>>> print(open('structure_11.csv').read())   # CSV, C-alpha atoms and all ligand atoms
chain,number,residue,atom,x,y,z
A,1,MET,CA,167.6,80.2,296.7
A,2,GLY,CA,167.8,82.1,300.0
A,3,GLY,CA,170.1,81.2,302.9
A,4,LYS,CA,173.4,82.8,303.7
A,5,SER,CA,176.6,82.4,301.7
A,6,ASP,CA,180.0,81.9,303.4
A,7,VAL,CA,181.5,84.3,300.8
A,8,PRO,CA,180.2,87.7,299.8
A,9,LEU,CA,178.3,87.4,296.6
A,10,LEU,CA,178.9,91.0,295.5
A,11,VAL,CA,182.0,93.2,296.2
A,12,ASP,CA,182.4,96.7,294.7
A,13,GLY,CA,179.9,95.7,291.9
A,14,LYS,CA,181.9,92.5,291.1
A,15,ARG,CA,180.3,89.1,291.5
A,16,VAL,CA,181.8,85.9,293.0
A,17,ASP,CA,183.2,84.8,289.7
A,18,GLY,CA,184.4,88.4,288.8
A,19,ARG,CA,181.6,89.2,286.4
A,20,LYS,CA,179.7,92.5,286.1
A,21,PRO,CA,176.0,92.4,286.9
A,22,ASP,CA,175.0,92.4,283.2
A,23,GLU,CA,177.6,89.8,282.0
A,24,LEU,CA,176.9,86.3,280.8
A,25,ARG,CA,179.2,83.4,281.8
A,26,PRO,CA,181.5,82.2,279.0
A,27,LEU,CA,179.4,80.6,276.3
A,28,LYS,CA,180.3,77.8,273.9
A,29,ILE,CA,178.0,76.2,271.4
A,30,GLU,CA,178.6,73.3,269.0
A,31,ALA,CA,176.0,72.0,266.5
A,32,GLY,CA,175.9,68.4,265.2
A,33,VAL,CA,178.0,66.6,267.9
A,34,LEU,CA,176.2,63.2,267.7
A,35,LYS,CA,176.4,61.1,264.6
A,36,ARG,CA,173.4,58.9,265.1
A,37,ALA,CA,170.9,61.6,266.0
A,38,ASP,CA,169.1,63.6,263.3
A,39,GLY,CA,170.2,66.8,265.1
A,40,SER,CA,172.2,67.6,268.1
A,41,ALA,CA,174.0,70.3,270.0
A,42,TYR,CA,176.3,70.8,272.9
A,43,VAL,CA,176.2,74.0,275.0
A,44,GLU,CA,178.4,75.2,277.8
A,45,LEU,CA,177.2,78.3,279.8
A,46,GLY,CA,179.9,78.6,282.5
A,47,GLY,CA,179.9,75.5,284.6
A,48,THR,CA,176.6,74.2,283.2
A,49,HIS,CA,177.0,71.8,280.3
A,50,ALA,CA,174.1,70.4,278.3
A,51,LEU,CA,173.7,68.0,275.4
A,52,ALA,CA,170.6,67.9,273.2
A,53,ALA,CA,169.6,65.2,270.7
A,54,VAL,CA,166.7,65.2,268.2
A,55,TYR,CA,165.2,62.2,266.5
A,56,GLY,CA,162.5,62.7,263.9
A,57,PRO,CA,160.1,63.6,262.6
A,58,ARG,CA,159.4,59.9,262.8
A,59,GLU,CA,156.6,57.4,263.3
A,60,MET,CA,154.6,58.1,266.5
A,61,HIS,CA,154.5,55.5,269.2
A,62,PRO,CA,152.1,54.7,270.7
A,63,LYS,CA,150.0,55.2,267.6
A,64,HIS,CA,146.8,56.4,269.5
A,65,LYS,CA,148.7,59.4,270.7
A,66,LEU,CA,149.4,60.8,267.2
A,67,ASP,CA,147.9,64.0,266.1
A,68,PRO,CA,146.5,63.9,262.5
A,69,GLN,CA,147.0,67.7,262.2
A,70,ARG,CA,150.6,68.1,263.4
A,71,ALA,CA,153.7,66.6,264.9
A,72,VAL,CA,153.9,65.8,268.6
A,73,LEU,CA,157.0,67.3,270.2
A,74,LYS,CA,158.1,65.0,273.0
A,75,THR,CA,160.7,66.4,275.4
A,76,ARG,CA,162.8,64.8,278.1
A,77,TYR,CA,165.1,66.7,280.4
A,78,ASN,CA,167.5,64.7,282.5
A,79,MET,CA,170.3,65.4,284.9
A,80,ALA,CA,173.2,62.9,284.7
A,81,PRO,CA,173.9,61.3,288.2
A,82,PHE,CA,177.5,62.8,287.9
A,83,SER,CA,176.3,66.3,287.0
A,84,VAL,CA,176.3,67.4,290.7
A,85,ASP,CA,178.8,66.7,293.4
A,86,ASP,CA,176.4,64.8,295.7
A,87,ARG,CA,175.2,62.5,292.9
A,88,LYS,CA,171.7,63.0,291.5
A,89,ARG,CA,169.5,59.9,292.0
A,90,PRO,CA,168.9,58.5,288.5
A,91,GLY,CA,165.5,58.6,286.9
A,92,PRO,CA,162.6,61.1,286.5
A,93,ASP,CA,161.5,63.2,289.5
A,94,ARG,CA,159.1,66.2,289.9
A,95,ARG,CA,161.7,68.7,288.9
A,96,SER,CA,162.7,67.0,285.7
A,97,THR,CA,159.1,66.4,284.8
A,98,GLU,CA,158.4,70.1,285.2
A,99,ILE,CA,161.4,71.2,283.2
A,100,SER,CA,160.5,68.7,280.4
A,101,LYS,CA,157.1,70.3,280.2
A,102,VAL,CA,158.2,74.0,280.2
A,103,THR,CA,160.9,73.1,277.6
A,104,ARG,CA,158.3,71.6,275.3
A,105,GLU,CA,156.0,74.6,275.8
A,106,CYS,CA,158.7,77.2,275.1
A,107,LEU,CA,159.8,75.5,271.9
A,108,GLU,CA,156.4,74.5,270.4
A,109,PRO,CA,155.5,78.1,269.3
A,110,VAL,CA,158.6,78.2,266.9
A,111,VAL,CA,158.3,74.7,265.3
A,112,PHE,CA,156.2,74.3,262.2
A,113,LEU,CA,154.6,71.2,263.7
A,114,GLU,CA,151.7,71.4,261.2
A,115,GLN,CA,154.2,70.5,258.4
A,116,TYR,CA,154.7,67.0,260.0
A,117,PRO,CA,151.3,65.6,260.8
A,118,ARG,CA,151.0,62.1,262.4
A,119,THR,CA,154.7,62.1,263.5
A,120,ALA,CA,156.7,62.5,266.6
A,121,ILE,CA,159.8,64.7,267.2
A,122,ASP,CA,161.8,63.3,270.1
A,123,LEU,CA,164.0,65.7,271.9
A,124,THR,CA,166.2,64.7,274.8
A,125,ILE,CA,168.3,67.0,276.9
A,126,GLU,CA,171.0,65.6,279.1
A,127,ILE,CA,172.7,67.8,281.7
A,128,LEU,CA,176.2,66.6,282.0
A,129,GLN,CA,177.4,69.2,284.5
A,130,ALA,CA,175.1,71.4,286.6
A,131,ASP,CA,176.0,74.8,288.0
A,132,ALA,CA,172.7,76.8,287.9
A,133,GLY,CA,170.6,77.6,284.8
A,134,THR,CA,170.3,74.0,283.6
A,135,ARG,CA,166.8,74.5,282.1
A,136,VAL,CA,167.9,77.6,280.1
A,137,THR,CA,171.1,76.0,278.9
A,138,GLY,CA,169.1,72.9,277.9
A,139,ILE,CA,166.6,75.0,275.9
A,140,THR,CA,169.4,76.8,274.1
A,141,ALA,CA,170.9,73.4,273.1
A,142,ALA,CA,167.5,72.0,272.2
A,143,SER,CA,166.8,74.8,269.8
A,144,VAL,CA,170.1,74.4,267.9
A,145,ALA,CA,169.5,70.6,267.8
A,146,LEU,CA,166.1,71.1,266.2
A,147,ALA,CA,167.6,73.4,263.6
A,148,ASP,CA,170.5,70.9,263.0
A,149,ALA,CA,167.9,68.2,262.4
A,150,GLY,CA,166.5,70.3,259.5
A,151,ILE,CA,163.2,70.7,261.2
A,152,ALA,CA,161.3,73.8,259.9
A,153,ILE,CA,161.3,76.5,262.6
A,154,ARG,CA,160.2,80.1,262.7
A,155,ASP,CA,163.1,81.2,264.9
A,156,LEU,CA,165.7,79.9,267.3
A,157,VAL,CA,164.8,80.0,270.9
A,158,SER,CA,167.5,81.4,273.2
A,159,ALA,CA,167.3,81.1,277.0
A,160,CYS,CA,169.0,82.5,280.1
A,161,ALA,CA,168.2,83.7,283.5
A,162,ALA,CA,168.3,87.0,285.4
A,163,GLY,CA,168.1,87.2,289.1
A,164,LYS,CA,168.7,89.2,292.3
A,165,VAL,CA,171.8,88.9,294.5
A,166,GLU,CA,172.4,91.1,297.5
A,167,ASP,CA,169.6,93.5,296.3
A,168,THR,CA,171.3,93.8,292.9
A,169,VAL,CA,169.7,92.6,289.6
A,170,VAL,CA,172.2,90.4,287.8
A,171,LEU,CA,172.3,88.3,284.6
A,172,ASP,CA,172.9,84.6,284.4
A,173,LEU,CA,173.2,83.3,288.0
A,174,CYS,CA,176.1,80.9,288.7
A,175,GLY,CA,175.9,78.1,291.3
A,176,PRO,CA,176.5,80.1,294.6
A,177,GLU,CA,174.2,82.9,293.3
A,178,ASP,CA,171.5,80.4,292.6
A,179,ASN,CA,171.9,78.8,296.0
A,180,PHE,CA,172.1,82.0,298.1
A,181,GLY,CA,170.5,84.7,295.9
A,182,GLN,CA,167.1,86.3,296.4
A,183,ALA,CA,165.5,85.6,293.0
A,184,ASP,CA,165.9,83.6,289.8
A,185,LEU,CA,164.1,84.6,286.6
A,186,PRO,CA,164.7,82.1,283.8
A,187,ILE,CA,163.3,83.2,280.4
A,188,ALA,CA,163.4,81.9,276.8
A,189,TYR,CA,163.1,84.4,273.9
A,190,ALA,CA,162.7,84.1,270.2
A,191,SER,CA,164.7,87.1,268.9
A,192,SER,CA,163.3,87.6,265.4
A,193,LEU,CA,159.7,87.1,266.6
A,194,ASP,CA,160.5,89.3,269.7
A,195,LYS,CA,158.5,86.8,271.7
A,196,VAL,CA,159.1,85.5,275.2
A,197,THR,CA,158.2,81.8,275.3
A,198,LEU,CA,159.2,81.0,278.8
A,199,LEU,CA,159.0,83.1,282.0
A,200,GLN,CA,159.3,81.6,285.4
A,201,MET,CA,160.3,83.2,288.7
A,202,ASP,CA,161.5,81.9,292.0
A,203,GLY,CA,162.0,84.4,294.9
A,204,LEU,CA,160.9,88.0,295.2
A,205,MET,CA,161.6,91.1,293.1
A,206,THR,CA,160.0,94.6,293.0
A,207,GLU,CA,158.3,95.7,289.8
A,208,ALA,CA,161.4,97.8,288.9
A,209,GLU,CA,163.8,94.9,289.6
A,210,PHE,CA,161.6,92.6,287.5
A,211,GLU,CA,161.7,95.1,284.5
A,212,GLN,CA,165.5,95.4,284.9
A,213,GLY,CA,165.8,91.6,285.1
A,214,MET,CA,163.7,91.1,281.9
A,215,LYS,CA,165.9,93.7,280.1
A,216,TYR,CA,169.1,91.9,281.1
A,217,ALA,CA,167.7,88.5,280.2
A,218,ILE,CA,166.4,89.6,276.8
A,219,ASP,CA,169.8,91.2,276.0
A,220,GLY,CA,171.5,88.0,277.2
A,221,CYS,CA,169.2,85.9,274.9
A,222,ARG,CA,170.1,88.1,271.9
A,223,LYS,CA,173.8,87.4,272.5
A,224,ILE,CA,173.1,83.7,272.9
A,225,ASN,CA,171.0,83.8,269.6
A,226,GLU,CA,174.1,85.2,267.8
A,227,ALA,CA,176.2,82.3,269.2
A,228,GLN,CA,173.6,79.8,268.2
A,229,ARG,CA,173.5,81.1,264.6
A,230,GLU,CA,177.3,81.2,264.5
A,231,ALA,CA,177.5,77.5,265.6
A,232,LEU,CA,175.0,76.5,262.9
A,233,ARG,CA,177.0,78.5,260.3
A,234,ARG,CA,180.2,76.8,261.4
A,235,LYS,CA,178.7,73.4,260.7
A,236,TYR,CA,176.9,74.2,257.5
A,237,GLN,CA,179.2,76.6,255.6
B,301,LIG,P1,167.9,75.5,287.0
B,301,LIG,O1,169.0,74.5,286.8
B,301,LIG,O2,167.2,75.6,285.7
B,301,LIG,O3,168.3,76.8,287.5
B,301,LIG,P2,166.7,74.9,289.5
B,301,LIG,O4,166.5,76.3,290.0
B,301,LIG,O5,165.6,73.9,289.9
B,301,LIG,O6,166.8,74.9,287.9
B,301,LIG,O7,168.1,74.3,290.1
B,301,LIG,C1,169.1,75.1,290.4
B,301,LIG,C2,170.4,74.4,290.5
B,301,LIG,O8,170.5,73.5,291.6
B,301,LIG,C3,170.8,73.5,289.3
B,301,LIG,O9,171.3,74.2,288.2
B,301,LIG,C4,171.8,72.6,289.9
B,301,LIG,O10,173.1,73.2,289.9
B,301,LIG,C5,171.3,72.4,291.4
B,301,LIG,N1,170.6,71.2,291.6
B,301,LIG,C6,169.4,70.8,291.1
B,301,LIG,N2,169.1,69.6,291.5
B,301,LIG,C7,170.1,69.1,292.2
B,301,LIG,C8,170.4,67.9,292.9
B,301,LIG,N3,169.6,66.8,292.8
B,301,LIG,N4,171.6,67.8,293.5
B,301,LIG,C9,172.4,68.9,293.6
B,301,LIG,N5,172.2,70.0,293.0
B,301,LIG,C10,171.1,70.2,292.3
>>> encode(input="structure_11.csv", output="structure tokens")
Amino acid sequence: MGGKSDVPLLVDGKRVDGRKPDELRPLKIEAGVLKRADGSAYVELGGTHALAAVYGPREMHPKHKLDPQRAVLKTRYNMAPFSVDDRKRPGPDRRSTEISKVTRECLEPVVFLEQYPRTAIDLTIEILQADAGTRVTGITAASVALADAGIAIRDLVSACAAGKVEDTVVLDLCGPEDNFGQADLPIAYASSLDKVTLLQMDGLMTEAEFEQGMKYAIDGCRKINEAQREALRRKYQ
């Protein structure tokens, strides 16, 4: 975020990758891609590729951390070392710890955790290729993986970011826009509950820009929700 890009990020209303301000990058979703996992999903949002795997509900380890009333959702977000061109140092860091936490918090409201007391649901998100929006792409994949695992959910969670580039509000930042733009507004949204379950912001926006960004992002999430449903239908019908 911030800094100056070598190439103009917006020319005659067209973005660096040719998109209009309110356009998502090409989206591809596949459910049930891993045989061993109880549920899994693979999502591509432009150049960002994420894989999510779910194991459980299963016995909780360590036992003293179990909750007698509900399942414990354990989330782990990780960027593969080869996901970025300068090699990401393997292992957890502050950023992945934060993203693991917000991922858990944005999914918990839609999972019927109380149906699975004393158990753990293990959710892992692996970013295979990173080109901005990895947290939202991971959340979109995670939600499909939970559904694929047959875990009772109130709704699918869909996620995407809006942002601001050269004083223009745009949907779904790509790499250069994320690096050199003015704001990034990732959100997660449960369409049928009409509930925003994640809202973060980096950079600065006026109130009107924020409203516009939220509108773009929620519309984007609705489109992602349709693609998530379609992916699950393809697998189960
Ligand atoms: P998000 O991926 O959810 O937008 P950030 O705003 O923290 O989260 O990261 C923005 C982008 O910066 C990532 O999508 C990725 O493309 C890039 N990035 C993050 N960490 C690294 C890293 N260690 N090396 C290179 N690029 C990185």
>>> closest_residue(input="structure_11.csv", among="A:Ser158, A:Gln228, A:Gln69, A:Gln115", to="A:Ala188", atoms="all atoms listed in the file")
A:Ser158
>>> residues_near_ligand(input="structure_11.csv", ligand="ligand LIG 301 (chain B)", cutoff="10 Å", atoms="only C-alpha atoms and all ligand atoms", output="mmCIF file with C-alpha atoms, in the frame of the given file")
data_model
loop_
_atom_site.group_PDB
_atom_site.id
_atom_site.type_symbol
_atom_site.label_atom_id
_atom_site.label_comp_id
_atom_site.auth_asym_id
_atom_site.auth_seq_id
_atom_site.Cartn_x
_atom_site.Cartn_y
_atom_site.Cartn_z
ATOM 1 C CA MET A 1 167.600 80.200 296.700
ATOM 2 C CA GLY A 47 179.900 75.500 284.600
ATOM 3 C CA THR A 48 176.600 74.200 283.200
ATOM 4 C CA MET A 79 170.300 65.400 284.900
ATOM 5 C CA ALA A 80 173.200 62.900 284.700
ATOM 6 C CA PRO A 81 173.900 61.300 288.200
ATOM 7 C CA PHE A 82 177.500 62.800 287.900
ATOM 8 C CA SER A 83 176.300 66.300 287.000
ATOM 9 C CA VAL A 84 176.300 67.400 290.700
ATOM 10 C CA ASP A 85 178.800 66.700 293.400
ATOM 11 C CA ASP A 86 176.400 64.800 295.700
ATOM 12 C CA ARG A 87 175.200 62.500 292.900
ATOM 13 C CA LYS A 88 171.700 63.000 291.500
ATOM 14 C CA ARG A 89 169.500 59.900 292.000
ATOM 15 C CA PRO A 90 168.900 58.500 288.500
ATOM 16 C CA ASP A 93 161.500 63.200 289.500
ATOM 17 C CA ARG A 95 161.700 68.700 288.900
ATOM 18 C CA SER A 96 162.700 67.000 285.700
ATOM 19 C CA GLU A 98 158.400 70.100 285.200
ATOM 20 C CA ILE A 99 161.400 71.200 283.200
ATOM 21 C CA ILE A 127 172.700 67.800 281.700
ATOM 22 C CA GLN A 129 177.400 69.200 284.500
ATOM 23 C CA ALA A 130 175.100 71.400 286.600
ATOM 24 C CA ASP A 131 176.000 74.800 288.000
ATOM 25 C CA ALA A 132 172.700 76.800 287.900
ATOM 26 C CA GLY A 133 170.600 77.600 284.800
ATOM 27 C CA THR A 134 170.300 74.000 283.600
ATOM 28 C CA ARG A 135 166.800 74.500 282.100
ATOM 29 C CA VAL A 136 167.900 77.600 280.100
ATOM 30 C CA THR A 137 171.100 76.000 278.900
ATOM 31 C CA GLY A 138 169.100 72.900 277.900
ATOM 32 C CA ILE A 139 166.600 75.000 275.900
ATOM 33 C CA CYS A 160 169.000 82.500 280.100
ATOM 34 C CA ALA A 161 168.200 83.700 283.500
ATOM 35 C CA ASP A 172 172.900 84.600 284.400
ATOM 36 C CA LEU A 173 173.200 83.300 288.000
ATOM 37 C CA CYS A 174 176.100 80.900 288.700
ATOM 38 C CA GLY A 175 175.900 78.100 291.300
ATOM 39 C CA PRO A 176 176.500 80.100 294.600
ATOM 40 C CA GLU A 177 174.200 82.900 293.300
ATOM 41 C CA ASP A 178 171.500 80.400 292.600
ATOM 42 C CA ASN A 179 171.900 78.800 296.000
ATOM 43 C CA ALA A 183 165.500 85.600 293.000
ATOM 44 C CA ASP A 184 165.900 83.600 289.800
ATOM 45 C CA LEU A 185 164.100 84.600 286.600
ATOM 46 C CA PRO A 186 164.700 82.100 283.800
ATOM 47 C CA GLN A 200 159.300 81.600 285.400
ATOM 48 C CA MET A 201 160.300 83.200 288.700
ATOM 49 C CA ASP A 202 161.500 81.900 292.000
#
>>> atom_distance(input="structure_11.csv", atom1="atom CA of A:Gly32", atom2="atom CA of A:Arg222")
21.6 Å
>>> atom_distance(input="structure_11.csv", atom1="atom CA of A:Ile224", atom2="atom CA of A:Leu171")
12.6 Å
>>> closest_residue(input="structure_11.csv", among="A:Lys28, A:Lys14, A:Lys74, A:Arg233", to="A:Ala50", atoms="only C-alpha atoms")
A:Lys28
>>> closest_residue(input="structure_11.csv", among="A:Ala152, A:Val43, A:Ile187, A:Leu51", to="A:Gly213", atoms="only C-alpha atoms")
A:Ile187
>>> atom_distance(input="structure_11.csv", atom1="atom CA of A:Leu146", atom2="atom CA of A:Met214")
25.5 Å
>>> closest_residue(input="structure_11.csv", among="A:Lys215, A:Arg94, A:Arg234, A:His61", to="A:Gly163", atoms="all atoms listed in the file")
A:Lys215
>>> closest_residue(input="structure_11.csv", among="A:Gly18, A:Gly2, A:Gly203, A:Pro117", to="A:Leu66", atoms="all atoms listed in the file")
A:Pro117
>>> residues_around(input="structure_11.csv", residues="A:Tyr236", least_positions_apart="6", cutoff="12 Å", atoms="only C-alpha atoms", output="list in words")
Glu30, Ala31, Gly32, Ala147, Asp148, Ala149, Gly150, Arg229 and Glu230 of chain A
>>> closest_residue(input="structure_11.csv", among="A:Val165, A:Leu156, A:Leu73, A:Ala120", to="A:Ser5", atoms="only C-alpha atoms")
A:Val165
>>> closest_atom_pairs(input="structure_11.csv", of="stretch 138-197 of chain A", to="stretch 105-110 of chain A", cutoff="7 Å", atoms="all atoms listed in the file", output="Markdown table")
| residue | atom | partner | partner_atom | distance |
| --- | --- | --- | --- | --- |
| A:Ile153 | CA | A:Val110 | CA | 5.4 |
| A:Arg154 | CA | A:Val110 | CA | 4.9 |
| A:Asp155 | CA | A:Val110 | CA | 5.8 |
| A:Val157 | CA | A:Leu107 | CA | 6.8 |
| A:Ala188 | CA | A:Cys106 | CA | 6.9 |
| A:Thr197 | CA | A:Cys106 | CA | 4.6 |
>>> residues_near_point(input="structure_11.csv", point="(181.5, 79.1, 282.2)", cutoff="8 Å", atoms="only C-alpha atoms", output="VMD selection string")
chain A and resid 25 to 27 44 to 48
>>> residues_near_point(input="structure_11.csv", point="(180.0, 87.6, 302.4)", cutoff="12 Å", atoms="only C-alpha atoms", output="JSON, numbers by chain")
{"A": [3, 4, 5, 6, 7, 8, 9, 10, 11, 15, 16, 165, 166, 176, 177, 180, 181]}
>>> build_atoms(input="structure_11.csv", residues="stretch 145-175 of chain A", atoms="N, CA and C atoms", output="compact mmCIF listing (two decimals), in the coordinates of the input")
# COMPACT_ATOMS: atom_id res chain seq x y z
N ALA A 145 169.67 71.97 268.25
CA ALA A 145 169.50 70.60 267.80
C ALA A 145 168.34 70.43 266.84
N LEU A 146 167.24 71.16 267.10
CA LEU A 146 166.10 71.10 266.20
C LEU A 146 166.46 71.67 264.82
N ALA A 147 167.19 72.79 264.82
CA ALA A 147 167.60 73.40 263.60
C ALA A 147 168.59 72.44 262.85
N ASP A 148 169.49 71.82 263.61
CA ASP A 148 170.50 70.90 263.00
C ASP A 148 169.78 69.67 262.42
N ALA A 149 168.61 69.30 262.97
CA ALA A 149 167.90 68.20 262.40
C ALA A 149 167.12 68.54 261.14
N GLY A 150 167.20 69.80 260.76
CA GLY A 150 166.50 70.30 259.50
C GLY A 150 165.04 70.44 259.69
N ILE A 151 164.58 70.53 260.92
CA ILE A 151 163.20 70.70 261.20
C ILE A 151 162.81 72.20 260.96
N ALA A 152 161.69 72.44 260.27
CA ALA A 152 161.30 73.80 259.90
C ALA A 152 160.93 74.57 261.22
N ILE A 153 161.63 75.67 261.45
CA ILE A 153 161.30 76.50 262.60
C ILE A 153 161.18 77.96 262.21
N ARG A 154 160.38 78.68 262.97
CA ARG A 154 160.20 80.10 262.70
C ARG A 154 161.37 80.91 263.17
N ASP A 155 162.05 80.39 264.19
CA ASP A 155 163.10 81.20 264.90
C ASP A 155 163.84 80.24 265.80
N LEU A 156 165.02 80.64 266.20
CA LEU A 156 165.70 79.90 267.30
C LEU A 156 165.21 80.44 268.60
N VAL A 157 165.16 79.58 269.58
CA VAL A 157 164.80 80.00 270.90
C VAL A 157 166.11 80.07 271.73
N SER A 158 166.35 81.19 272.40
CA SER A 158 167.50 81.40 273.20
C SER A 158 167.07 81.56 274.64
N ALA A 159 167.83 81.05 275.61
CA ALA A 159 167.30 81.10 277.00
C ALA A 159 168.45 81.45 277.96
N CYS A 160 168.14 82.28 278.94
CA CYS A 160 169.00 82.50 280.10
C CYS A 160 168.24 83.09 281.22
N ALA A 161 168.87 83.19 282.36
CA ALA A 161 168.20 83.70 283.50
C ALA A 161 168.73 84.99 284.01
N ALA A 162 167.87 85.81 284.59
CA ALA A 162 168.30 87.00 285.40
C ALA A 162 168.03 86.61 286.83
N GLY A 163 168.42 87.45 287.74
CA GLY A 163 168.10 87.20 289.10
C GLY A 163 168.47 88.33 290.01
N LYS A 164 168.39 88.09 291.31
CA LYS A 164 168.70 89.20 292.30
C LYS A 164 169.64 88.59 293.32
N VAL A 165 170.76 89.30 293.52
CA VAL A 165 171.80 88.90 294.50
C VAL A 165 172.16 90.09 295.31
N GLU A 166 172.08 89.97 296.62
CA GLU A 166 172.40 91.10 297.50
C GLU A 166 171.75 92.38 297.03
N ASP A 167 170.46 92.32 296.78
CA ASP A 167 169.60 93.50 296.30
C ASP A 167 170.06 94.07 295.01
N THR A 168 170.84 93.33 294.23
CA THR A 168 171.30 93.80 292.90
C THR A 168 170.75 92.86 291.84
N VAL A 169 170.20 93.42 290.76
CA VAL A 169 169.70 92.60 289.60
C VAL A 169 170.95 92.16 288.83
N VAL A 170 171.03 90.88 288.53
CA VAL A 170 172.20 90.40 287.80
C VAL A 170 171.70 89.44 286.67
N LEU A 171 172.57 89.25 285.67
CA LEU A 171 172.30 88.30 284.60
C LEU A 171 172.98 87.01 284.78
N ASP A 172 172.28 85.91 284.47
CA ASP A 172 172.90 84.60 284.40
C ASP A 172 173.55 84.15 285.73
N LEU A 173 172.72 83.72 286.66
CA LEU A 173 173.20 83.30 288.00
C LEU A 173 174.17 82.10 287.85
N CYS A 174 175.24 82.11 288.64
CA CYS A 174 176.10 80.90 288.70
C CYS A 174 175.68 80.15 290.00
N GLY A 175 176.31 79.01 290.25
CA GLY A 175 175.90 78.10 291.30
C GLY A 175 175.66 78.81 292.68
